[in-house]
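The structure file target05.cif is reproduced below (mmCIF, C-alpha atoms).
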```cif
data_work
#
loop_
_atom_site.label_atom_id
_atom_site.label_comp_id
_atom_site.auth_asym_id
_atom_site.auth_seq_id
_atom_site.Cartn_x
_atom_site.Cartn_y
_atom_site.Cartn_z
CA MET N 952 68.66 43.43 182.77
CA ILE N 953 68.76 47.14 181.97
CA PRO N 954 65.27 48.69 181.83
CA GLY N 955 64.45 49.50 178.22
CA GLY N 956 67.76 47.93 177.24
CA GLY N 957 68.43 44.80 175.31
CA GLN N 958 69.42 44.47 171.69
CA PRO N 959 69.03 47.53 169.50
CA ASN N 960 66.27 47.31 166.95
CA MET N 961 68.25 46.33 163.85
CA GLN N 962 65.47 47.34 161.48
CA GLN N 963 65.40 50.81 163.03
CA LEU N 964 69.20 51.11 162.81
CA LEU N 965 69.13 50.09 159.15
CA GLN N 966 66.41 52.64 158.42
CA GLN N 967 68.42 55.38 160.14
CA ALA N 968 71.56 54.44 158.22
CA GLN N 969 69.64 54.41 154.95
CA LYS N 970 68.14 57.84 155.67
CA MET N 971 71.58 59.27 156.49
CA GLN N 972 72.93 57.81 153.26
CA GLN N 973 70.06 59.39 151.31
CA ASP N 974 70.63 62.74 153.06
CA LEU N 975 74.33 62.55 152.20
CA ALA N 976 73.59 61.78 148.54
CA ALA N 977 71.12 64.68 148.38
CA ALA N 978 73.67 67.05 149.94
CA GLN N 979 76.33 65.93 147.44
CA GLU N 980 73.92 66.53 144.54
CA GLU N 981 73.13 69.98 145.92
CA LEU N 982 76.87 70.75 146.14
CA ALA N 983 77.36 69.71 142.53
CA ARG N 984 74.67 72.23 141.48
CA THR N 985 75.75 75.10 143.75
CA GLU N 986 78.28 77.56 142.37
CA VAL N 987 80.74 79.57 144.46
CA ASP N 988 83.15 82.30 143.40
CA GLY N 989 86.71 83.26 144.18
CA GLN N 990 88.65 86.28 143.01
CA ALA N 991 92.14 87.71 142.89
CA GLY N 992 93.73 91.02 142.04
CA GLY N 993 90.83 93.00 143.46
CA GLY N 994 88.41 91.21 141.15
CA LEU N 995 90.55 91.36 138.00
CA VAL N 996 90.30 87.56 137.83
CA ARG N 997 87.19 85.68 138.99
CA ALA N 998 86.74 81.92 139.08
CA THR N 999 83.49 80.04 139.61
CA VAL N 1000 83.49 76.44 140.82
CA THR N 1001 80.75 74.09 141.92
CA GLY N 1002 80.45 73.17 145.57
CA SER N 1003 82.15 69.90 144.64
CA GLY N 1004 85.14 71.78 143.19
CA GLU N 1005 84.50 71.62 139.43
CA LEU N 1006 85.75 74.75 137.62
CA ARG N 1007 82.79 76.25 135.73
CA SER N 1008 84.03 79.62 134.54
CA LEU N 1009 86.95 81.98 134.59
CA VAL N 1010 86.57 85.70 133.92
CA ILE N 1011 89.66 87.83 133.25
CA ASP N 1012 89.35 91.60 133.15
CA PRO N 1013 91.24 92.97 130.12
CA LYS N 1014 93.18 95.25 132.50
CA ALA N 1015 94.84 92.13 133.92
CA VAL N 1016 96.27 91.18 130.52
CA ASP N 1017 99.82 92.42 129.93
CA PRO N 1018 101.57 90.55 127.08
CA GLU N 1019 104.89 91.45 128.69
CA ASP N 1020 103.92 89.91 132.04
CA THR N 1021 101.95 86.71 131.62
CA GLU N 1022 103.36 85.33 134.88
CA THR N 1023 101.35 87.79 136.97
CA LEU N 1024 98.18 86.87 135.08
CA ALA N 1025 98.88 83.17 135.63
CA ASP N 1026 99.39 83.84 139.35
CA LEU N 1027 96.08 85.72 139.50
CA VAL N 1028 94.27 82.84 137.77
CA VAL N 1029 95.75 80.30 140.19
CA ALA N 1030 94.87 82.49 143.17
CA ALA N 1031 91.28 82.99 141.99
CA VAL N 1032 90.78 79.26 141.43
CA GLN N 1033 92.30 78.49 144.83
CA ALA N 1034 90.02 81.04 146.49
CA ALA N 1035 86.98 79.53 144.77
CA ASN N 1036 88.02 76.03 145.84
CA GLU N 1037 88.51 77.19 149.44
CA ASN N 1038 84.98 78.59 149.34
CA ALA N 1039 83.74 75.27 147.90
CA GLN N 1040 85.47 73.36 150.72
CA ALA N 1041 83.84 75.61 153.30
CA LEU N 1042 80.47 74.92 151.67
CA GLN N 1043 81.23 71.17 151.72
CA GLN N 1044 81.97 71.33 155.44
CA GLU N 1045 78.77 73.25 156.04
CA LYS N 1046 76.61 70.82 154.04
CA LEU N 1047 78.35 67.50 154.63
CA GLY N 1048 80.05 67.95 158.00
CA PRO N 1049 76.95 67.28 160.14
CA LEU N 1050 76.08 64.26 157.96
CA ALA N 1051 79.59 62.85 158.29
CA GLU N 1052 79.38 63.15 162.06
CA GLY N 1053 76.01 61.40 161.98
CA LEU N 1054 77.59 58.53 160.07
CA GLY N 1055 80.18 58.07 162.79
CA GLY N 1056 82.83 60.27 161.22
CA GLY N 1057 83.19 62.28 164.40
CA GLY N 1058 84.80 65.09 162.44
CA GLY N 1059 87.18 62.65 160.74
CA SER N 1060 87.13 61.78 157.10
CA ILE N 1061 84.90 59.32 155.31
CA PRO N 1062 86.53 57.51 152.38
CA GLY N 1063 85.48 59.07 149.12
CA LEU N 1064 84.63 62.46 150.60
CA PRO N 1065 86.93 65.44 150.11
CA PHE N 1066 87.27 66.37 153.78
#
```
I'd like the structure from this file rewritten - as structure tokens, please.
Amino acid sequence: MIPGGGQPNMQQLLQQAQKMQQDLAAAQEELARTEVDGQAGGGLVRATVTGSGELRSLVIDPKAVDPEDTETLADLVVAAVQAANENAQALQQEKLGPLAEGLGGGGGSIPGLPF
């Protein structure tokens, strides 16, 4: 018999798993409330998304609007939204990464999570 060994305390394991699940839910709620920005064209177009990736606002400087060249404006909008989403993903990794590892993710993905 291994000293101090034996069967793990199932009640303790369940409590730890429940706490990790609660921590994960709290972190996801915090991400949904946190806003991050992305920009393109030197700030001519700015996008704001939540930490969970929901687009909240888009600000376009009038200098970026050229009726003869809407393609460039569209590219700037896409780039700003992509930059904001990249910042949101970095925030997700920061907030959820340690929790995912604690749940046995080991840096891998957990079904239902965006990383």
For CA of Ile1011 (chain N) and CA of Gln1044 (chain N), quote the distance in Å rounded to one decimal.
->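 Straight-line distance from CA of Ile1011 (chain N) to CA of Gln1044 (chain N) works out to 28.7 Å.
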Could you pull the residues within 9 Å of region 994-1001 of chain N, counting all atoms listed in the file, minus those fewer than 2 positions along the same chain, as a ChimeraX atom specification?
-> /N:982-992,1003-1015,1024,1027-1028,1030-1036,1038-1039
Distance CA of Asp974 (chain N)-CA of Leu1042 (chain N), one decimal place?
-> 15.7 Å
Would you mind reading off the distance between CA of Ala1041 (chain N) and CA of Val1029 (chain N), one decimal, in Å?
-> 18.3 Å
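Between Lys1046 (chain N) and the candidates N:Ala978, N:Asp1017, N:Gly993, N:Gly1002, the tightest atom-to-atom separation, counting all atoms listed in the file, involves N:Ala978.
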Give the padded box for region 1009-1027 of chain N as AutoDock Vina command-line options: axis-aligned, covering all atoms listed in the file, 4 Å on each side, centre and edge lengths in Å to one decimal.
```
--center_x 95.7 --center_y 88.6 --center_z 133.3 --size_x 26.3 --size_y 21.3 --size_z 20.4
```
